[in-house]
Amino acid sequence: MPAKISVRGVNKVFATGAQPVQALKDAHLDIAANEFVTFVGASGCGKSTLLRMIAGLETRTSGAIMVDGRTMTGPGIDRAMIFQHYSLYPWLTVRENIRFCRQLKVHTDNRTAADVEAASGRADALIQLMGLSHAEQAYTHQLSGGMQQRVAIARALMSRPEILLMDEPFGALDAQTREVMHDLIRHVHRIEGSTILFVTHDVEEAIYLGQRIVLMAPQPGRIDTIYQVPLPKERHQDMKLAPEFLALKKVILERIRETSGIKTDLQQLEKLSSLASIDKVQA
Amino acid sequence: MKPDTSTHFDPINRPPRLFLGVRTPIKKGTYWFLAVASFLLPLLAWFAIAASGADKVFLPAPQDIITRIATWWHEDNLAADIGISLYRVVAAWALSALFAIPLGLMIGTFRGVQALCEPLTDFIRYMPAVAFIPLVMLWVGIDESARIAIIFIGTFFQMVLMVAEDVRRVPMTQIEAAQTMGASRGEIIDKVILPSAKPALLDTLRITMGWAWTYLVVAELVAANSGLGYAILKAQRFLQTDKIFAGIMLIGLIGFVIDQAFRLLHRKAFPWLHSRS
């Protein structure tokens, strides 16, 4: 079976600054249909850049990205993106936001009365699924951060995309809301059968959600290690304390630390504290 | 040691810090009281100074201004002066908006258009509109269109840059979300950028309307024989200080009313910005 998404030798160089920055170097990755893959790594590792390239929002310097075996050339309705924030339309109500894609030409061309009715039903179903029934006539700024992200997810799901690209979607939410959202997105993954690529800086989130974890490293941005998550497909919050969960978390955290380039800062810090003790001795 | 209660800070019953609390909310009544006082106090001071026997040529009393406005209305056709000035300002401003909004939208959306137009506009907007009077008389003539052209020159170039800035402030993620939902370039402009920028655009229109009014007196320097600005200039020649005051006050009043109308429109047109729950 061919991969749903195939990343082949992709490079990305940002040449806008004083010297070119290699944001992503020679990335190879195959993702199967209905897989849930999470991406972690120290800042500057290119995980968001890779996701945005798969979305078609960022050009690649070289290499190829294939979706369903076809070379991808730009954004498409088969791949929906969910951002961390500021992506909702504040001038529209919750329901209008969710139905936004319905007024675009790609969806209005050659559509039948049955399509229109199905879409209306889908909007209702998504509002139900996301627990937004009481808020569907509200404007988005009247909602909490968690509710806003539910709207963003519902809006992305509206056009039945096969692939969901999520760029730190829960990064701005508090811990309790995030747990609820984790189970919600796993539920979406199960019932929609979507392929999900999920970028995060939270290792626990990456393990809890992902079937595979892609660990990326900076300078130059690259794919470092890919981990299989040794947990059953069905997850529940208790698993976060399972020994295999904690063992994997330790391994990943250590690897991120090793590759982050922050070690030099720690050495610098030690140097500073030794300087402080010299001062004390002299005093 | 006994705690020092003299500087005890009680966050619930602390005295309201009307002028020192950084962005602390104040009561609506207090706000209105202060706003009305800001008009009344200078007015009272003006009454007092005028009553103390100031020279009427130097400083006419408030009641003199009222009398002057009344006679202006009855004998000198004030309504026509207001009408023609209003027409000139609004026409020039509307003409500016007609060109500035599409152009600013293009500058704020497409980098190529930005490179082509923005530095040039920046350059032109620093040129004083007043200095264009001889050129406008040469090119446009000395009829109504010349006066509108002066106000246009003073307003248009600023407006273009403000519109471009409003458009640039539309969050990139709003645009990218639409792209991943399959929106075409036209749809992104029509269904995302424009609705997203609309409230800021209305504010820009409100502010530039004010600027258009400031160019009125200058515009009515050009062979005019009517209008509030012209009346002020003529009164200057005859040292009719009360009429100068009256003209200035009327322009201020009209501007104030228009400004409040814009604010009301803003509240009505963008309920999602003004609703809190």
# chains A, B, ... in the order shown; residues from 1 in each chain; ligands from 1
>>> interface_residues(of="chain B", to="chain A", cutoff="9 Å", atoms="only C-alpha atoms", output="PyMOL selection string")
chain B and resi 171-184+187+191-192+195-196+270-273+275-277
>>> residues_around(residues="Val37 (chain A)", least_positions_apart="6", cutoff="7 Å", atoms="only C-alpha atoms", output="count of residues only")
7
>>> residues_around(residues="region 48-59 of chain B", least_positions_apart="4", cutoff="12 Å", atoms="only C-alpha atoms", output="list in words")
Leu41, Pro42, Leu43, Leu44, Gln63, Asp64, Ile65, Ala235, Gln236, Phe238, Leu239, Gln240, Thr241, Asp242, Lys243, Ile244 and Phe245 of chain B
>>> residues_around(residues="Ser43 (chain A)", least_positions_apart="4", cutoff="9 Å", atoms="only C-alpha atoms", output="number ranges by chain")
A: 47, 201, 217-218, 260
>>> write_last_selection(atoms="N, CA and C atoms", output="PDB file, in the first residue's frame")
ATOM      1  N   LYS A  47      10.043  21.550  12.706  1.00  0.00           N
ATOM      2  CA  LYS A  47       8.820  20.731  12.733  1.00  0.00           C
ATOM      3  C   LYS A  47       7.620  21.490  12.183  1.00  0.00           C
ATOM      4  N   HIS A 201       5.272  20.898  21.433  1.00  0.00           N
ATOM      5  CA  HIS A 201       6.537  20.930  22.171  1.00  0.00           C
ATOM      6  C   HIS A 201       6.395  20.152  23.484  1.00  0.00           C
ATOM      7  N   ALA A 217      15.578  17.670  15.225  1.00  0.00           N
ATOM      8  CA  ALA A 217      16.676  18.361  15.895  1.00  0.00           C
ATOM      9  C   ALA A 217      17.066  19.603  15.105  1.00  0.00           C
ATOM     10  N   PRO A 218      17.546  20.629  15.797  1.00  0.00           N
ATOM     11  CA  PRO A 218      17.895  21.872  15.094  1.00  0.00           C
ATOM     12  C   PRO A 218      19.338  21.926  14.606  1.00  0.00           C
ATOM     13  N   SER A 260      19.402  19.797  21.473  1.00  0.00           N
ATOM     14  CA  SER A 260      18.857  21.156  21.469  1.00  0.00           C
ATOM     15  C   SER A 260      19.905  22.248  21.293  1.00  0.00           C
TER      16      SER A 260
END
>>> residues_around(residues="Pro2 (chain A)", least_positions_apart="2", cutoff="8 Å", atoms="only C-alpha atoms", output="ChimeraX atom specification")
/A:4,32,68-69
>>> residues_around(residues="Ile124 (chain B)", least_positions_apart="4", cutoff="12 Å", atoms="only C-alpha atoms", output="list in words")
Cys117, Glu118, Pro119, Leu120, Pro128, Ala129, Phe132, Ile153, Gly154, Thr155, Phe156, Phe157, Gln158, Val160 and Leu161 of chain B
>>> write_last_selection(atoms="all heavy atoms", output="mmCIF file, in the first residue's frame")
data_model
loop_
_atom_site.group_PDB
_atom_site.id
_atom_site.type_symbol
_atom_site.label_atom_id
_atom_site.label_comp_id
_atom_site.auth_asym_id
_atom_site.auth_seq_id
_atom_site.Cartn_x
_atom_site.Cartn_y
_atom_site.Cartn_z
ATOM 1 N N CYS B 117 4.329 51.109 -5.211
ATOM 2 C CA CYS B 117 3.532 52.280 -4.815
ATOM 3 C C CYS B 117 3.890 52.902 -3.472
ATOM 4 O O CYS B 117 3.741 54.106 -3.303
ATOM 5 C CB CYS B 117 2.047 51.908 -4.784
ATOM 6 S SG CYS B 117 1.421 51.357 -6.370
ATOM 7 N N GLU B 118 4.320 52.096 -2.501
ATOM 8 C CA GLU B 118 4.412 52.634 -1.150
ATOM 9 C C GLU B 118 5.529 53.667 -0.957
ATOM 10 O O GLU B 118 5.275 54.738 -0.400
ATOM 11 C CB GLU B 118 4.517 51.517 -0.114
ATOM 12 C CG GLU B 118 4.043 52.010 1.238
ATOM 13 C CD GLU B 118 3.945 50.895 2.261
ATOM 14 O OE1 GLU B 118 4.882 50.081 2.361
ATOM 15 O OE2 GLU B 118 2.935 50.837 2.952
ATOM 16 N N PRO B 119 6.753 53.384 -1.419
ATOM 17 C CA PRO B 119 7.801 54.409 -1.237
ATOM 18 C C PRO B 119 7.436 55.721 -1.922
ATOM 19 O O PRO B 119 7.647 56.797 -1.374
ATOM 20 C CB PRO B 119 9.031 53.767 -1.873
ATOM 21 C CG PRO B 119 8.759 52.310 -1.887
ATOM 22 C CD PRO B 119 7.275 52.171 -2.042
ATOM 23 N N LEU B 120 6.826 55.601 -3.116
ATOM 24 C CA LEU B 120 6.415 56.790 -3.869
ATOM 25 C C LEU B 120 5.370 57.585 -3.071
ATOM 26 O O LEU B 120 5.468 58.812 -2.949
ATOM 27 C CB LEU B 120 5.848 56.355 -5.228
ATOM 28 C CG LEU B 120 5.386 57.488 -6.140
ATOM 29 C CD1 LEU B 120 6.582 58.320 -6.593
ATOM 30 C CD2 LEU B 120 4.633 56.946 -7.348
ATOM 31 N N PRO B 128 3.791 69.483 1.067
ATOM 32 C CA PRO B 128 2.670 70.225 1.651
ATOM 33 C C PRO B 128 1.574 70.495 0.625
ATOM 34 O O PRO B 128 1.854 71.011 -0.466
ATOM 35 C CB PRO B 128 3.328 71.533 2.106
ATOM 36 C CG PRO B 128 4.581 71.639 1.320
ATOM 37 C CD PRO B 128 5.025 70.255 0.987
ATOM 38 N N ALA B 129 0.358 70.126 0.991
ATOM 39 C CA ALA B 129 -0.775 70.299 0.079
ATOM 40 C C ALA B 129 -0.945 71.768 -0.313
ATOM 41 O O ALA B 129 -1.282 72.081 -1.453
ATOM 42 C CB ALA B 129 -2.046 69.773 0.734
ATOM 43 N N PHE B 132 0.731 73.063 -3.315
ATOM 44 C CA PHE B 132 0.228 72.624 -4.618
ATOM 45 C C PHE B 132 -0.782 73.609 -5.208
ATOM 46 O O PHE B 132 -1.199 73.441 -6.345
ATOM 47 C CB PHE B 132 -0.412 71.238 -4.492
ATOM 48 C CG PHE B 132 0.580 70.115 -4.547
ATOM 49 C CD1 PHE B 132 1.161 69.629 -3.389
ATOM 50 C CD2 PHE B 132 0.951 69.558 -5.762
ATOM 51 C CE1 PHE B 132 2.085 68.598 -3.444
ATOM 52 C CE2 PHE B 132 1.868 68.528 -5.822
ATOM 53 C CZ PHE B 132 2.440 68.038 -4.660
ATOM 54 N N ILE B 153 -5.605 66.162 -2.377
ATOM 55 C CA ILE B 153 -4.152 65.978 -2.263
ATOM 56 C C ILE B 153 -3.742 65.829 -0.796
ATOM 57 O O ILE B 153 -2.911 65.010 -0.443
ATOM 58 C CB ILE B 153 -3.404 67.165 -2.919
ATOM 59 C CG1 ILE B 153 -3.588 67.105 -4.435
ATOM 60 C CG2 ILE B 153 -1.920 67.147 -2.565
ATOM 61 C CD1 ILE B 153 -3.093 68.354 -5.160
ATOM 62 N N GLY B 154 -4.390 66.624 0.061
ATOM 63 C CA GLY B 154 -4.055 66.565 1.479
ATOM 64 C C GLY B 154 -4.503 65.270 2.137
ATOM 65 O O GLY B 154 -3.940 64.856 3.156
ATOM 66 N N THR B 155 -5.511 64.613 1.582
ATOM 67 C CA THR B 155 -6.109 63.446 2.231
ATOM 68 C C THR B 155 -5.668 62.118 1.631
ATOM 69 O O THR B 155 -5.346 61.177 2.348
ATOM 70 C CB THR B 155 -7.657 63.533 2.123
ATOM 71 O OG1 THR B 155 -8.071 64.854 2.462
ATOM 72 C CG2 THR B 155 -8.322 62.545 3.055
ATOM 73 N N PHE B 156 -5.641 62.067 0.297
ATOM 74 C CA PHE B 156 -5.492 60.796 -0.407
ATOM 75 C C PHE B 156 -4.236 60.007 -0.013
ATOM 76 O O PHE B 156 -4.317 58.831 0.332
ATOM 77 C CB PHE B 156 -5.502 61.054 -1.925
ATOM 78 C CG PHE B 156 -5.172 59.847 -2.744
ATOM 79 C CD1 PHE B 156 -6.100 58.831 -2.897
ATOM 80 C CD2 PHE B 156 -3.937 59.717 -3.345
ATOM 81 C CE1 PHE B 156 -5.800 57.709 -3.644
ATOM 82 C CE2 PHE B 156 -3.623 58.597 -4.085
ATOM 83 C CZ PHE B 156 -4.552 57.582 -4.242
ATOM 84 N N PHE B 157 -3.077 60.671 -0.033
ATOM 85 C CA PHE B 157 -1.830 59.921 0.136
ATOM 86 C C PHE B 157 -1.701 59.341 1.554
ATOM 87 O O PHE B 157 -1.184 58.247 1.749
ATOM 88 C CB PHE B 157 -0.635 60.808 -0.230
ATOM 89 C CG PHE B 157 -0.679 61.233 -1.672
ATOM 90 C CD1 PHE B 157 -1.167 62.484 -2.024
ATOM 91 C CD2 PHE B 157 -0.294 60.372 -2.682
ATOM 92 C CE1 PHE B 157 -1.250 62.865 -3.356
ATOM 93 C CE2 PHE B 157 -0.366 60.736 -4.009
ATOM 94 C CZ PHE B 157 -0.854 61.998 -4.350
ATOM 95 N N GLN B 158 -2.204 60.116 2.528
ATOM 96 C CA GLN B 158 -2.213 59.587 3.902
ATOM 97 C C GLN B 158 -3.159 58.401 3.979
ATOM 98 O O GLN B 158 -2.875 57.400 4.635
ATOM 99 C CB GLN B 158 -2.710 60.659 4.880
ATOM 100 C CG GLN B 158 -2.093 62.016 4.692
ATOM 101 C CD GLN B 158 -0.753 62.147 5.381
ATOM 102 O OE1 GLN B 158 -0.365 61.258 6.133
ATOM 103 N NE2 GLN B 158 -0.061 63.225 5.130
ATOM 104 N N VAL B 160 -4.136 56.270 1.680
ATOM 105 C CA VAL B 160 -3.611 55.058 1.029
ATOM 106 C C VAL B 160 -2.735 54.279 2.004
ATOM 107 O O VAL B 160 -2.893 53.066 2.179
ATOM 108 C CB VAL B 160 -2.772 55.420 -0.220
ATOM 109 C CG1 VAL B 160 -2.029 54.200 -0.733
ATOM 110 C CG2 VAL B 160 -3.657 55.967 -1.308
ATOM 111 N N LEU B 161 -1.834 54.988 2.674
ATOM 112 C CA LEU B 161 -0.901 54.312 3.573
ATOM 113 C C LEU B 161 -1.621 53.716 4.773
ATOM 114 O O LEU B 161 -1.285 52.625 5.232
ATOM 115 C CB LEU B 161 0.182 55.285 4.034
ATOM 116 C CG LEU B 161 1.091 55.764 2.912
ATOM 117 C CD1 LEU B 161 2.033 56.843 3.404
ATOM 118 C CD2 LEU B 161 1.884 54.601 2.330
#
>>> residues_around(residues="Glu162 (chain A)", least_positions_apart="2", cutoff="8 Å", atoms="only C-alpha atoms", output="short mmCIF file (atom, residue, chain, number, x, y, z; two decimals) with all heavy atoms, in the first residue's frame")
data_model
loop_
_atom_site.label_atom_id
_atom_site.label_comp_id
_atom_site.auth_asym_id
_atom_site.auth_seq_id
_atom_site.Cartn_x
_atom_site.Cartn_y
_atom_site.Cartn_z
N ASP A 78 -7.94 18.54 0.62
CA ASP A 78 -7.71 17.23 1.24
C ASP A 78 -6.87 17.35 2.52
O ASP A 78 -6.80 16.44 3.31
CB ASP A 78 -7.01 16.30 0.25
CG ASP A 78 -5.71 16.90 -0.28
OD1 ASP A 78 -5.58 18.14 -0.26
OD2 ASP A 78 -4.82 16.13 -0.70
N ARG A 79 -6.24 18.52 2.69
CA ARG A 79 -5.38 18.74 3.88
C ARG A 79 -5.84 20.00 4.62
O ARG A 79 -5.66 21.11 4.14
CB ARG A 79 -3.92 18.95 3.45
CG ARG A 79 -3.20 17.68 3.05
CD ARG A 79 -2.05 17.99 2.13
NE ARG A 79 -2.54 18.34 0.78
CZ ARG A 79 -2.07 19.37 0.09
NH1 ARG A 79 -1.12 20.14 0.55
NH2 ARG A 79 -2.59 19.64 -1.09
N ARG A 160 -14.61 17.54 5.19
CA ARG A 160 -14.16 16.14 5.22
C ARG A 160 -12.75 15.97 4.67
O ARG A 160 -12.53 15.21 3.71
CB ARG A 160 -15.10 15.26 4.39
CG ARG A 160 -16.52 15.22 4.88
CD ARG A 160 -17.37 14.29 4.01
NE ARG A 160 -18.78 14.39 4.38
CZ ARG A 160 -19.30 13.70 5.39
NH1 ARG A 160 -18.57 12.89 6.11
NH2 ARG A 160 -20.58 13.85 5.69
N LEU A 164 -5.40 15.88 8.59
CA LEU A 164 -5.47 17.03 9.50
C LEU A 164 -4.05 17.39 9.91
O LEU A 164 -3.31 16.55 10.42
CB LEU A 164 -6.26 16.67 10.76
CG LEU A 164 -7.78 16.81 10.76
CD1 LEU A 164 -8.30 16.49 12.15
CD2 LEU A 164 -8.18 18.22 10.35
N GLY A 193 -11.62 8.76 10.69
CA GLY A 193 -10.60 8.01 9.95
C GLY A 193 -9.53 8.88 9.31
O GLY A 193 -8.91 8.51 8.33
N SER A 194 -9.33 10.09 9.88
CA SER A 194 -8.36 11.01 9.27
C SER A 194 -6.92 10.57 9.57
O SER A 194 -6.65 9.84 10.52
CB SER A 194 -8.55 12.43 9.81
OG SER A 194 -9.68 12.53 10.62
N THR A 195 -6.04 11.04 8.72
CA THR A 195 -4.61 10.93 8.98
C THR A 195 -4.22 12.22 9.70
O THR A 195 -4.51 13.30 9.20
CB THR A 195 -3.83 10.81 7.66
OG1 THR A 195 -4.43 9.78 6.89
CG2 THR A 195 -2.36 10.55 7.90
#
>>> select_by_dssp(residues="region 47-215 of chain A", states="strand (DSSP E)", output="PyMOL selection string")
chain A and resi 62-67+70-71+79-82+163-167+195-199+212-215
